[in-house]
file run-v8.cif (mmCIF, C-alpha atoms)
data_protein
loop_
_atom_site.label_atom_id
_atom_site.label_comp_id
_atom_site.auth_asym_id
_atom_site.auth_seq_id
_atom_site.Cartn_x
_atom_site.Cartn_y
_atom_site.Cartn_z
CA MET A 167 66.75 -6.91 -123.45
CA ARG A 168 69.74 -5.24 -121.93
CA LEU A 169 71.73 -5.03 -125.17
CA GLU A 170 70.20 -3.14 -128.08
CA ILE A 171 72.22 -5.16 -130.58
CA LEU A 172 70.31 -8.28 -129.54
CA ASP A 173 66.98 -6.54 -130.17
CA SER A 174 67.74 -4.73 -133.39
CA GLY A 175 71.30 -5.34 -134.53
CA HIS A 176 70.56 -8.20 -136.91
CA GLY A 177 71.19 -8.16 -140.64
CA PHE A 178 68.53 -7.58 -143.28
CA SER A 179 67.77 -11.26 -144.00
CA THR A 180 67.41 -12.08 -140.29
CA LYS A 181 65.04 -9.13 -139.82
CA ALA A 182 63.00 -10.44 -142.76
CA LEU A 183 62.90 -13.85 -141.07
CA PHE A 184 61.65 -12.24 -137.85
CA ALA A 185 58.89 -10.48 -139.78
CA LEU A 186 57.86 -13.83 -141.26
CA ILE A 187 57.84 -15.46 -137.80
CA ARG A 188 55.65 -12.65 -136.45
CA THR A 189 53.23 -13.01 -139.36
CA VAL A 190 52.95 -16.80 -139.24
CA SER A 191 52.89 -17.27 -135.45
CA ARG A 192 51.03 -14.02 -134.71
CA GLN A 193 53.37 -13.72 -131.73
CA PRO A 194 56.40 -11.54 -131.08
CA VAL A 195 59.79 -13.12 -131.80
CA LEU A 196 61.12 -14.66 -128.59
CA ASP A 197 64.29 -13.13 -127.21
CA VAL A 198 66.02 -16.51 -127.30
CA ILE A 199 65.59 -16.53 -131.10
CA LYS A 200 66.99 -13.00 -131.32
CA LEU A 201 70.01 -14.14 -129.29
CA VAL A 202 70.86 -17.20 -131.36
CA LYS A 203 70.45 -15.25 -134.60
CA TYR A 204 72.77 -12.41 -133.57
CA ARG A 205 76.27 -13.03 -134.97
CA ALA A 206 75.23 -16.65 -135.12
CA ASP A 207 78.72 -17.91 -135.97
CA PHE A 208 79.94 -16.78 -132.53
CA TYR A 209 77.32 -18.43 -130.30
CA GLY A 210 74.04 -19.51 -131.90
CA GLU A 211 75.35 -21.96 -134.48
CA PRO A 212 78.00 -23.84 -132.45
CA MET A 213 75.72 -23.91 -129.42
CA GLY A 214 72.81 -25.13 -131.56
CA VAL A 215 74.78 -28.23 -132.54
CA ILE A 216 75.22 -29.14 -128.85
CA THR A 217 71.65 -28.37 -127.81
CA GLN A 218 70.10 -30.22 -130.74
CA ASP A 219 72.18 -33.29 -129.93
CA ALA A 220 71.44 -33.10 -126.20
CA MET A 221 67.69 -32.56 -126.63
CA ARG A 222 66.84 -34.47 -129.80
CA GLY A 223 69.75 -36.81 -130.49
CA PRO A 224 69.53 -40.55 -129.78
CA SER A 225 69.08 -41.26 -126.06
CA THR A 226 67.18 -43.70 -123.88
CA TRP A 227 65.73 -40.63 -122.16
CA SER A 228 62.58 -39.53 -123.98
CA VAL A 229 62.22 -36.01 -125.41
CA GLY A 230 59.80 -35.34 -122.53
CA ASP A 231 62.38 -36.50 -119.96
CA ARG A 232 65.05 -34.23 -121.44
CA GLU A 233 62.73 -31.23 -121.66
CA LEU A 234 61.77 -31.88 -118.03
CA MET A 235 65.47 -31.91 -117.10
CA ALA A 236 65.88 -28.60 -118.95
CA ALA A 237 62.99 -27.03 -117.03
CA PHE A 238 64.28 -28.50 -113.78
CA VAL A 239 67.80 -27.12 -114.28
CA ALA A 240 66.28 -23.76 -115.23
CA LYS A 241 64.23 -23.74 -112.04
CA ALA A 242 67.31 -24.58 -109.97
CA ASN A 243 69.00 -21.58 -111.63
CA GLN A 244 65.90 -19.46 -110.88
CA CYS A 245 65.51 -18.65 -114.58
CA GLU A 246 61.86 -17.83 -115.13
CA PHE A 247 62.01 -17.73 -118.95
CA SER A 248 63.57 -21.16 -119.42
CA THR A 249 61.49 -22.76 -116.66
CA LYS A 250 58.24 -21.66 -118.33
CA ALA A 251 59.40 -22.34 -121.87
CA HIS A 252 60.67 -25.87 -121.23
CA SER A 253 57.88 -26.83 -118.86
CA ALA A 254 55.57 -26.18 -121.79
CA VAL A 255 57.71 -28.28 -124.14
CA ALA A 256 57.88 -31.13 -121.60
CA GLN A 257 54.11 -31.01 -121.11
CA GLY A 258 53.64 -31.20 -124.86
CA ALA A 259 56.09 -34.07 -125.24
CA TYR A 260 54.64 -36.10 -122.37
CA ARG A 261 51.05 -35.01 -123.11
CA ASP A 262 50.88 -34.78 -119.32
CA GLU A 263 50.69 -31.42 -117.59
CA ARG A 264 50.43 -32.82 -114.06
CA LYS A 265 53.65 -34.84 -114.20
CA VAL A 266 55.71 -31.78 -115.09
CA SER A 267 54.06 -29.59 -112.46
CA ALA A 268 54.48 -32.29 -109.81
CA VAL A 269 58.20 -32.75 -110.50
CA LEU A 270 58.89 -29.02 -110.52
CA SER A 271 56.95 -28.34 -107.32
CA ASP A 272 58.03 -31.37 -105.25
CA LEU A 273 60.37 -33.92 -106.76
CA ASP A 274 60.36 -36.16 -103.66
CA SER A 275 56.63 -36.86 -103.83
CA ALA A 276 56.21 -36.78 -107.62
CA SER A 277 55.31 -40.00 -109.38
CA VAL A 278 58.34 -40.56 -111.62
CA GLU A 279 60.64 -43.48 -112.34
CA GLU A 280 63.51 -43.80 -109.85
CA PRO A 281 66.35 -43.41 -112.38
CA LEU A 282 64.82 -40.11 -113.53
CA ARG A 283 64.21 -38.90 -109.98
CA ALA A 284 67.80 -39.69 -108.92
CA THR A 285 69.17 -38.02 -112.05
CA LEU A 286 67.13 -34.87 -111.42
CA LEU A 287 68.33 -34.75 -107.81
CA MET A 288 71.95 -34.92 -108.97
CA LEU A 289 71.36 -32.21 -111.59
CA ARG A 290 69.77 -29.97 -108.98
CA LYS A 291 72.73 -30.36 -106.63
CA LEU A 292 75.19 -29.69 -109.44
CA THR A 293 73.28 -26.59 -110.52
CA ARG A 294 72.72 -25.13 -107.08
CA GLU A 295 76.02 -26.01 -105.45
CA TYR A 296 78.22 -25.97 -108.59
CA ALA A 297 79.59 -29.37 -107.57
CA VAL A 298 78.81 -33.08 -107.23
CA ASP A 299 81.06 -35.92 -106.09
CA MET A 300 81.51 -39.65 -106.49
CA ASN A 301 78.86 -40.43 -103.88
CA ASP A 302 76.25 -38.38 -105.75
CA MET A 303 76.99 -40.38 -108.88
CA ARG A 304 76.90 -43.67 -106.99
CA ALA A 305 73.35 -42.80 -105.87
CA VAL A 306 72.23 -42.20 -109.46
CA LEU A 307 73.81 -45.47 -110.66
CA ALA A 308 72.26 -47.36 -107.72
CA ALA A 309 68.83 -46.00 -108.70
CA GLY A 310 69.21 -47.70 -112.07
CA ALA A 311 70.45 -44.97 -114.40
CA SER A 312 73.13 -46.13 -116.83
CA ARG A 313 76.43 -44.39 -117.47
CA GLN A 314 75.12 -43.27 -120.86
CA GLN A 315 71.93 -41.89 -119.34
CA ILE A 316 73.94 -39.86 -116.83
CA GLU A 317 76.18 -38.52 -119.59
CA ASP A 318 73.12 -37.62 -121.65
CA ALA A 319 71.57 -35.82 -118.69
CA LEU A 320 74.80 -33.87 -118.11
CA ALA A 321 74.69 -32.76 -121.75
CA VAL A 322 71.17 -31.37 -121.18
CA CYS A 323 72.40 -29.70 -118.00
CA PHE A 324 75.34 -28.12 -119.87
CA SER A 325 73.04 -26.61 -122.49
CA PHE A 326 70.60 -25.18 -119.99
CA ASN A 327 73.26 -23.93 -117.66
CA VAL A 328 74.37 -21.80 -120.59
CA ILE A 329 70.95 -20.80 -121.93
CA GLY A 330 69.46 -19.94 -118.53
CA ARG A 331 72.43 -17.77 -117.61
CA LEU A 332 72.18 -15.87 -120.89
CA ALA A 333 68.40 -15.47 -120.54
CA ASP A 334 68.80 -13.81 -117.15
CA ALA A 335 71.96 -11.85 -117.92
CA PHE A 336 70.58 -10.37 -121.15
CA GLY A 337 67.18 -9.82 -119.54
CA PHE A 338 64.89 -11.91 -121.71
CA PHE A 339 61.28 -10.78 -121.71
CA VAL A 340 59.08 -13.52 -120.24
CA PRO A 341 56.16 -13.77 -122.66
CA GLY A 342 52.58 -14.78 -121.94
CA PRO A 343 51.11 -18.27 -122.28
CA LYS A 344 50.23 -17.99 -125.99
CA ALA A 345 53.77 -17.11 -127.05
CA ILE A 346 55.20 -19.79 -124.74
CA GLU A 347 52.82 -22.33 -126.27
CA ALA A 348 53.74 -21.30 -129.83
CA GLY A 349 57.45 -21.62 -128.95
CA ALA A 350 56.89 -25.06 -127.41
CA LYS A 351 55.10 -26.31 -130.52
CA TYR A 352 57.94 -25.05 -132.68
CA LEU A 353 60.60 -26.77 -130.54
CA LEU A 354 58.67 -30.04 -130.57
CA ALA A 355 58.24 -29.94 -134.32
CA ARG A 356 61.60 -28.50 -135.42
CA GLY A 357 64.10 -28.89 -132.58
CA TYR A 358 66.94 -26.51 -131.80
CA ARG A 359 68.55 -25.77 -135.16
CA MET B 126 73.45 -39.67 -128.09
CA SER B 127 76.73 -38.97 -129.74
CA ASP B 128 79.51 -37.63 -127.56
CA ILE B 129 79.14 -33.86 -127.29
CA LEU B 130 82.84 -33.52 -126.50
CA LEU B 131 83.78 -32.49 -130.04
CA ALA B 132 80.91 -30.01 -130.30
CA ARG B 133 81.80 -28.49 -126.92
CA LYS B 134 85.43 -28.17 -128.00
CA ALA B 135 84.35 -26.46 -131.23
CA LEU B 136 82.20 -24.01 -129.26
CA ALA B 137 85.01 -23.23 -126.81
CA ARG B 138 87.50 -22.81 -129.66
CA ARG B 139 85.15 -20.40 -131.46
CA ILE B 140 84.41 -18.15 -128.51
CA LEU B 141 87.94 -18.15 -127.08
CA GLU B 142 90.25 -18.34 -130.08
CA GLY B 143 88.16 -17.08 -133.00
CA ASP B 144 87.71 -13.48 -134.12
CA GLY B 145 85.85 -11.21 -131.75
CA LYS B 146 85.39 -7.62 -130.63
CA ALA B 147 86.61 -8.34 -127.10
CA SER B 148 90.24 -9.37 -126.79
CA ARG B 149 91.06 -13.07 -126.51
CA SER B 150 92.50 -12.48 -123.04
CA GLU B 151 89.24 -10.81 -121.91
CA ARG B 152 87.18 -13.68 -123.30
CA ARG B 153 89.41 -16.25 -121.64
CA ALA B 154 89.27 -14.38 -118.31
CA ALA B 155 85.46 -14.25 -118.53
CA PHE B 156 85.33 -17.98 -119.34
CA ASP B 157 87.55 -18.69 -116.30
CA ASN B 158 85.78 -16.08 -114.13
CA SER B 159 89.21 -14.95 -113.06
CA GLY B 160 91.56 -12.04 -113.57
CA LEU B 161 89.16 -9.31 -114.72
CA ALA B 162 89.04 -5.79 -113.30
CA GLU B 163 85.90 -4.07 -112.02
CA PRO B 164 83.21 -3.48 -113.10
CA LEU B 165 83.46 -6.35 -115.59
CA SER B 166 84.52 -8.85 -112.91
CA SER B 167 81.29 -8.29 -110.95
CA LEU B 168 79.11 -8.82 -114.01
CA VAL B 169 81.02 -11.93 -115.07
CA ASN B 170 80.89 -13.39 -111.56
CA LYS B 171 77.14 -12.82 -111.39
CA VAL B 172 76.62 -14.50 -114.75
CA ALA B 173 78.66 -17.48 -113.59
CA ARG B 174 77.29 -17.87 -110.07
CA HIS B 175 73.76 -16.39 -109.95
CA ALA B 176 72.72 -14.88 -113.25
CA TYR B 177 69.20 -14.09 -112.02
CA ARG B 178 70.76 -11.32 -109.91
CA VAL B 179 72.19 -9.44 -112.90
CA THR B 180 70.72 -5.94 -113.12
CA ASP B 181 70.48 -3.05 -115.57
CA GLU B 182 73.00 -1.26 -113.34
CA ASP B 183 75.56 -4.02 -113.89
CA PHE B 184 75.29 -3.45 -117.63
CA ALA B 185 75.34 0.34 -117.25
CA ALA B 186 78.55 0.13 -115.21
CA VAL B 187 80.26 -2.01 -117.84
CA ARG B 188 79.10 0.29 -120.65
CA ALA B 189 80.49 3.25 -118.73
CA SER B 190 83.88 1.54 -118.68
CA SER B 191 83.87 1.98 -122.47
CA LEU B 192 83.07 -1.56 -123.51
CA SER B 193 80.92 -1.78 -126.63
CA GLU B 194 77.71 -3.82 -126.76
CA ASP B 195 79.43 -6.43 -128.91
CA GLN B 196 82.25 -6.76 -126.42
CA ILE B 197 79.76 -7.17 -123.57
CA PHE B 198 77.82 -9.76 -125.61
CA GLU B 199 80.96 -11.84 -126.12
CA VAL B 200 82.15 -11.58 -122.54
CA VAL B 201 78.76 -12.61 -121.11
CA VAL B 202 78.55 -15.59 -123.49
CA CYS B 203 82.04 -16.68 -122.44
CA ALA B 204 81.16 -16.37 -118.74
CA ALA B 205 78.05 -18.55 -119.13
CA ILE B 206 79.80 -21.23 -121.17
CA GLY B 207 82.78 -21.24 -118.82
CA GLU B 208 80.68 -21.96 -115.73
CA ALA B 209 78.62 -24.62 -117.54
CA THR B 210 81.86 -26.24 -118.69
CA ARG B 211 83.31 -26.36 -115.16
CA GLN B 212 80.15 -28.00 -113.84
CA TYR B 213 80.05 -30.50 -116.71
CA ASP B 214 83.73 -31.43 -116.30
CA MET B 215 83.39 -31.84 -112.55
CA ALA B 216 80.31 -34.06 -112.92
CA THR B 217 81.86 -36.30 -115.57
CA ALA B 218 84.98 -36.70 -113.40
CA ALA B 219 82.75 -37.70 -110.46
CA LEU B 220 80.96 -40.21 -112.68
CA GLU B 221 84.28 -41.72 -113.82
CA ALA B 222 85.41 -42.01 -110.19
CA ALA B 223 82.15 -43.74 -109.20
CA LEU B 224 82.45 -46.21 -112.08
CA ARG B 225 86.11 -46.97 -111.26
CA ASP B 226 85.12 -47.57 -107.66
CA GLU B 227 82.35 -49.98 -108.73
CA THR B 228 84.78 -51.91 -110.92
CA ARG B 229 87.31 -52.13 -108.08
CA LYS B 230 84.66 -53.50 -105.72
CA ASP B 231 83.48 -56.05 -108.30
CA GLU B 232 87.05 -57.25 -108.83
CA HIS B 233 87.64 -57.49 -105.10
CA ALA B 234 84.44 -59.52 -104.66
CA ALA B 235 85.47 -61.87 -107.49
CA ARG B 236 88.87 -62.46 -105.90
CA ASN B 237 87.39 -63.01 -102.45
CA PRO B 238 84.24 -65.12 -102.82
CA ARG B 239 82.42 -65.82 -99.56
#
call {"tool": "encode", "arguments": {"input": "run-v8.cif", "output": "structure tokens"}}
result
Amino acid sequence: MRLEILDSGHGFSTKALFALIRTVSRQPVLDVIKLVKYRADFYGEPMGVITQDAMRGPSTWSVGDRELMAAFVAKANQCEFSTKAHSAVAQGAYRDERKVSAVLSDLDSASVEEPLRATLLMLRKLTREYAVDMNDMRAVLAAGASRQQIEDALAVCFSFNVIGRLADAFGFFVPGPKAIEAGAKYLLARGYR
Amino acid sequence: MSDILLARKALARRILEGDGKASRSERRAAFDNSGLAEPLSSLVNKVARHAYRVTDEDFAAVRASSLSEDQIFEVVVCAAIGEATRQYDMATAALEAALRDETRKDEHAARNPR
């Protein structure tokens, strides 16, 4: 990582927690964990409340749908870490590897429900062009997504617009498949707090 | 899902108005991506607009301008949250406009049955 404080500036109890994580998971501690645990009152804790609600709070989108949105927004932001990490979580949640790969490689031809496809298209435009307008929202509503579903999707987009930017700015190491898989299992079992 | 408005406000209040190593004006400028001097303005703009292009050299330049690691940490966090907030606010405003437009059309159709 580009800041030493994020690698090794944590307090004693957090370092002990990292040692425990390394022992139990037999994987290095992911940089995203190091980030949220560094001066957690400034960023990690208040952001965790938002991300937990967006990703695991009540919604008519499934956990798999929301993790797919996270991976999709990450891909639109060209963030390799978050794309890989949340593709793995979405695959685990859906128990369907092909669906996630198909959406990320070619949304137009992927076999997904129309409200989800239209929502992902809108999120991609927002992320790439930093803007959407009334007509973009009309298209999502016309495809069958409800107001609440769109608001829920925008909450996911908010979280991953933050997390992806921080991953790339701070230079997160992109771990191998085993560490990604261990992280995905943790997020599915425990969520974002 | 509960409304994340309150949680987003709490986050913004913490990073912009709470205690920090960077000044409140620097954190606010990073959040707004506006009004910062070089080299910090370049780093903040990259974080906001295309974070994947941030380089070690961007960080080295900011360090050389005598910012501490904690100050850089705070400024980068503010830049990321600021851009995400602008996108979120713009999208929710577009959604409100689309819903108002639908309601107007429905009312017009009810008043003018064919």
call {"tool": "interface_residues", "arguments": {"input": "run-v8.cif", "of": "chain A", "to": "chain B", "cutoff": "6 Å", "atoms": "all atoms listed in the file", "output": "PDB file with C-alpha atoms, in the frame of the given file"}}
result
ATOM      1  CA  PRO A 212      78.000 -23.840-132.450  1.00  0.00           C
ATOM      2  CA  ILE A 216      75.220 -29.140-128.850  1.00  0.00           C
ATOM      3  CA  GLY A 223      69.750 -36.810-130.490  1.00  0.00           C
ATOM      4  CA  PRO A 224      69.530 -40.550-129.780  1.00  0.00           C
ATOM      5  CA  SER A 225      69.080 -41.260-126.060  1.00  0.00           C
ATOM      6  CA  TYR A 296      78.220 -25.970-108.590  1.00  0.00           C
ATOM      7  CA  VAL A 298      78.810 -33.080-107.230  1.00  0.00           C
ATOM      8  CA  ASP A 299      81.060 -35.920-106.090  1.00  0.00           C
ATOM      9  CA  MET A 300      81.510 -39.650-106.490  1.00  0.00           C
ATOM     10  CA  MET A 303      76.990 -40.380-108.880  1.00  0.00           C
ATOM     11  CA  ARG A 304      76.900 -43.670-106.990  1.00  0.00           C
ATOM     12  CA  PHE A 324      75.340 -28.120-119.870  1.00  0.00           C
ATOM     13  CA  ASN A 327      73.260 -23.930-117.660  1.00  0.00           C
ATOM     14  CA  VAL A 328      74.370 -21.800-120.590  1.00  0.00           C
ATOM     15  CA  ARG A 331      72.430 -17.770-117.610  1.00  0.00           C
ATOM     16  CA  ASP A 334      68.800 -13.810-117.150  1.00  0.00           C
ATOM     17  CA  ALA A 335      71.960 -11.850-117.920  1.00  0.00           C
TER      18      ALA A 335
END
call {"tool": "resolve_selection", "arguments": {"input": "run-v8.cif", "expression": "the PyMOL selection byres ((chain A and resi 194) around 12)", "output": "PyMOL selection string"}}
result
chain A and resi 173+184-193+195-200+339-342+344-346+348-349
call {"tool": "residues_around", "arguments": {"input": "run-v8.cif", "residues": "Arg359 in chain A", "least_positions_apart": "3", "cutoff": "12 Å", "atoms": "only C-alpha atoms", "output": "list in words"}}
result
Ile199, Val202, Lys203, Ala206, Gly210, Glu211, Pro212, Met213, Gly214, Val215, Ile216, Thr217, Gln218, Asp219, Ala220, Met221, Arg222, Tyr352, Leu353, Leu354, Ala355 and Arg356 of chain A
call {"tool": "atom_distance", "arguments": {"input": "run-v8.cif", "atom1": "CA of Glu170 in chain A", "atom2": "CA of Phe336 in chain A"}}
result
10.0 Å
call {"tool": "atom_distance", "arguments": {"input": "run-v8.cif", "atom1": "CA of Asn243 in chain A", "atom2": "CA of Gly330 in chain A"}}
result
7.1 Å
call {"tool": "axis_aligned_box", "arguments": {"input": "run-v8.cif", "around": "range 145-159 of chain B", "padding_each_side": "4 Å", "output": "AutoDock Vina command-line options"}}
result
--center_x 88.9 --center_y -13.2 --center_z -122.4 --size_x 15.2 --size_y 19.1 --size_z 26.7
call {"tool": "build_atoms", "arguments": {"input": "run-v8.cif", "residues": "range 194-228 of chain A", "atoms": "N, CA and C atoms", "output": "PDB file, in the coordinates of the input"}}
result
ATOM      1  N   PRO A 194      55.106 -12.202-130.938  1.00  0.00           N
ATOM      2  CA  PRO A 194      56.400 -11.540-131.080  1.00  0.00           C
ATOM      3  C   PRO A 194      57.527 -12.584-131.136  1.00  0.00           C
ATOM      4  N   VAL A 195      58.638 -12.218-131.734  1.00  0.00           N
ATOM      5  CA  VAL A 195      59.790 -13.120-131.800  1.00  0.00           C
ATOM      6  C   VAL A 195      60.393 -13.234-130.397  1.00  0.00           C
ATOM      7  N   LEU A 196      60.569 -14.468-129.940  1.00  0.00           N
ATOM      8  CA  LEU A 196      61.120 -14.660-128.590  1.00  0.00           C
ATOM      9  C   LEU A 196      62.562 -14.172-128.541  1.00  0.00           C
ATOM     10  N   ASP A 197      62.934 -13.661-127.364  1.00  0.00           N
ATOM     11  CA  ASP A 197      64.290 -13.130-127.210  1.00  0.00           C
ATOM     12  C   ASP A 197      65.356 -14.204-127.430  1.00  0.00           C
ATOM     13  N   VAL A 198      65.023 -15.449-127.109  1.00  0.00           N
ATOM     14  CA  VAL A 198      66.020 -16.510-127.300  1.00  0.00           C
ATOM     15  C   VAL A 198      66.333 -16.682-128.788  1.00  0.00           C
ATOM     16  N   ILE A 199      65.345 -16.455-129.653  1.00  0.00           N
ATOM     17  CA  ILE A 199      65.590 -16.530-131.100  1.00  0.00           C
ATOM     18  C   ILE A 199      66.476 -15.361-131.535  1.00  0.00           C
ATOM     19  N   LYS A 200      66.173 -14.171-130.978  1.00  0.00           N
ATOM     20  CA  LYS A 200      66.990 -13.000-131.320  1.00  0.00           C
ATOM     21  C   LYS A 200      68.448 -13.231-130.901  1.00  0.00           C
ATOM     22  N   LEU A 201      68.643 -13.874-129.756  1.00  0.00           N
ATOM     23  CA  LEU A 201      70.010 -14.140-129.290  1.00  0.00           C
ATOM     24  C   LEU A 201      70.745 -15.091-130.239  1.00  0.00           C
ATOM     25  N   VAL A 202      70.120 -16.213-130.560  1.00  0.00           N
ATOM     26  CA  VAL A 202      70.860 -17.200-131.360  1.00  0.00           C
ATOM     27  C   VAL A 202      71.078 -16.727-132.804  1.00  0.00           C
ATOM     28  N   LYS A 203      70.285 -15.759-133.239  1.00  0.00           N
ATOM     29  CA  LYS A 203      70.450 -15.250-134.600  1.00  0.00           C
ATOM     30  C   LYS A 203      71.409 -14.061-134.675  1.00  0.00           C
ATOM     31  N   TYR A 204      71.845 -13.548-133.548  1.00  0.00           N
ATOM     32  CA  TYR A 204      72.770 -12.410-133.570  1.00  0.00           C
ATOM     33  C   TYR A 204      74.207 -12.935-133.684  1.00  0.00           C
ATOM     34  N   ARG A 205      74.904 -12.527-134.710  1.00  0.00           N
ATOM     35  CA  ARG A 205      76.270 -13.030-134.970  1.00  0.00           C
ATOM     36  C   ARG A 205      76.313 -14.529-134.689  1.00  0.00           C
ATOM     37  N   ALA A 206      75.488 -15.236-135.425  1.00  0.00           N
ATOM     38  CA  ALA A 206      75.230 -16.650-135.120  1.00  0.00           C
ATOM     39  C   ALA A 206      76.475 -17.521-135.165  1.00  0.00           C
ATOM     40  N   ASP A 207      77.493 -17.088-135.914  1.00  0.00           N
ATOM     41  CA  ASP A 207      78.720 -17.910-135.970  1.00  0.00           C
ATOM     42  C   ASP A 207      79.453 -17.900-134.636  1.00  0.00           C
ATOM     43  N   PHE A 208      79.216 -16.869-133.808  1.00  0.00           N
ATOM     44  CA  PHE A 208      79.940 -16.780-132.530  1.00  0.00           C
ATOM     45  C   PHE A 208      79.318 -17.702-131.487  1.00  0.00           C
ATOM     46  N   TYR A 209      77.984 -17.649-131.353  1.00  0.00           N
ATOM     47  CA  TYR A 209      77.320 -18.430-130.300  1.00  0.00           C
ATOM     48  C   TYR A 209      76.207 -19.337-130.832  1.00  0.00           C
ATOM     49  N   GLY A 210      75.261 -18.782-131.565  1.00  0.00           N
ATOM     50  CA  GLY A 210      74.040 -19.510-131.900  1.00  0.00           C
ATOM     51  C   GLY A 210      74.275 -20.805-132.663  1.00  0.00           C
ATOM     52  N   GLU A 211      75.149 -20.756-133.664  1.00  0.00           N
ATOM     53  CA  GLU A 211      75.350 -21.960-134.480  1.00  0.00           C
ATOM     54  C   GLU A 211      76.130 -23.052-133.741  1.00  0.00           C
ATOM     55  N   PRO A 212      77.299 -22.752-133.169  1.00  0.00           N
ATOM     56  CA  PRO A 212      78.000 -23.840-132.450  1.00  0.00           C
ATOM     57  C   PRO A 212      77.234 -24.348-131.239  1.00  0.00           C
ATOM     58  N   MET A 213      76.503 -23.457-130.570  1.00  0.00           N
ATOM     59  CA  MET A 213      75.720 -23.910-129.420  1.00  0.00           C
ATOM     60  C   MET A 213      74.523 -24.737-129.876  1.00  0.00           C
ATOM     61  N   GLY A 214      73.952 -24.385-131.034  1.00  0.00           N
ATOM     62  CA  GLY A 214      72.810 -25.130-131.560  1.00  0.00           C
ATOM     63  C   GLY A 214      73.138 -26.583-131.840  1.00  0.00           C
ATOM     64  N   VAL A 215      74.360 -26.848-132.275  1.00  0.00           N
ATOM     65  CA  VAL A 215      74.780 -28.230-132.540  1.00  0.00           C
ATOM     66  C   VAL A 215      74.711 -29.039-131.231  1.00  0.00           C
ATOM     67  N   ILE A 216      75.196 -28.445-130.153  1.00  0.00           N
ATOM     68  CA  ILE A 216      75.220 -29.140-128.850  1.00  0.00           C
ATOM     69  C   ILE A 216      73.792 -29.348-128.336  1.00  0.00           C
ATOM     70  N   THR A 217      73.001 -28.291-128.385  1.00  0.00           N
ATOM     71  CA  THR A 217      71.650 -28.370-127.810  1.00  0.00           C
ATOM     72  C   THR A 217      70.761 -29.324-128.602  1.00  0.00           C
ATOM     73  N   GLN A 218      70.887 -29.290-129.923  1.00  0.00           N
ATOM     74  CA  GLN A 218      70.100 -30.220-130.740  1.00  0.00           C
ATOM     75  C   GLN A 218      70.453 -31.667-130.390  1.00  0.00           C
ATOM     76  N   ASP A 219      71.739 -31.935-130.249  1.00  0.00           N
ATOM     77  CA  ASP A 219      72.180 -33.290-129.930  1.00  0.00           C
ATOM     78  C   ASP A 219      71.698 -33.695-128.533  1.00  0.00           C
ATOM     79  N   ALA A 220      71.841 -32.786-127.585  1.00  0.00           N
ATOM     80  CA  ALA A 220      71.440 -33.100-126.200  1.00  0.00           C
ATOM     81  C   ALA A 220      69.930 -33.329-126.095  1.00  0.00           C
ATOM     82  N   MET A 221      69.142 -32.534-126.818  1.00  0.00           N
ATOM     83  CA  MET A 221      67.690 -32.560-126.630  1.00  0.00           C
ATOM     84  C   MET A 221      66.948 -33.462-127.601  1.00  0.00           C
ATOM     85  N   ARG A 222      67.542 -33.693-128.782  1.00  0.00           N
ATOM     86  CA  ARG A 222      66.840 -34.470-129.800  1.00  0.00           C
ATOM     87  C   ARG A 222      67.662 -35.608-130.382  1.00  0.00           C
ATOM     88  N   GLY A 223      68.930 -35.707-129.993  1.00  0.00           N
ATOM     89  CA  GLY A 223      69.750 -36.810-130.490  1.00  0.00           C
ATOM     90  C   GLY A 223      69.315 -38.118-129.876  1.00  0.00           C
ATOM     91  N   PRO A 224      69.900 -39.252-130.342  1.00  0.00           N
ATOM     92  CA  PRO A 224      69.530 -40.550-129.780  1.00  0.00           C
ATOM     93  C   PRO A 224      69.832 -40.619-128.289  1.00  0.00           C
ATOM     94  N   SER A 225      68.884 -41.112-127.511  1.00  0.00           N
ATOM     95  CA  SER A 225      69.080 -41.260-126.060  1.00  0.00           C
ATOM     96  C   SER A 225      67.975 -42.179-125.543  1.00  0.00           C
ATOM     97  N   THR A 226      68.255 -42.903-124.481  1.00  0.00           N
ATOM     98  CA  THR A 226      67.180 -43.700-123.880  1.00  0.00           C
ATOM     99  C   THR A 226      66.277 -42.826-123.016  1.00  0.00           C
ATOM    100  N   TRP A 227      66.685 -41.585-122.747  1.00  0.00           N
ATOM    101  CA  TRP A 227      65.730 -40.630-122.160  1.00  0.00           C
ATOM    102  C   TRP A 227      64.793 -40.167-123.283  1.00  0.00           C
ATOM    103  N   SER A 228      63.518 -40.050-122.980  1.00  0.00           N
ATOM    104  CA  SER A 228      62.580 -39.530-123.980  1.00  0.00           C
ATOM    105  C   SER A 228      62.783 -38.024-124.151  1.00  0.00           C
TER     106      SER A 228
END
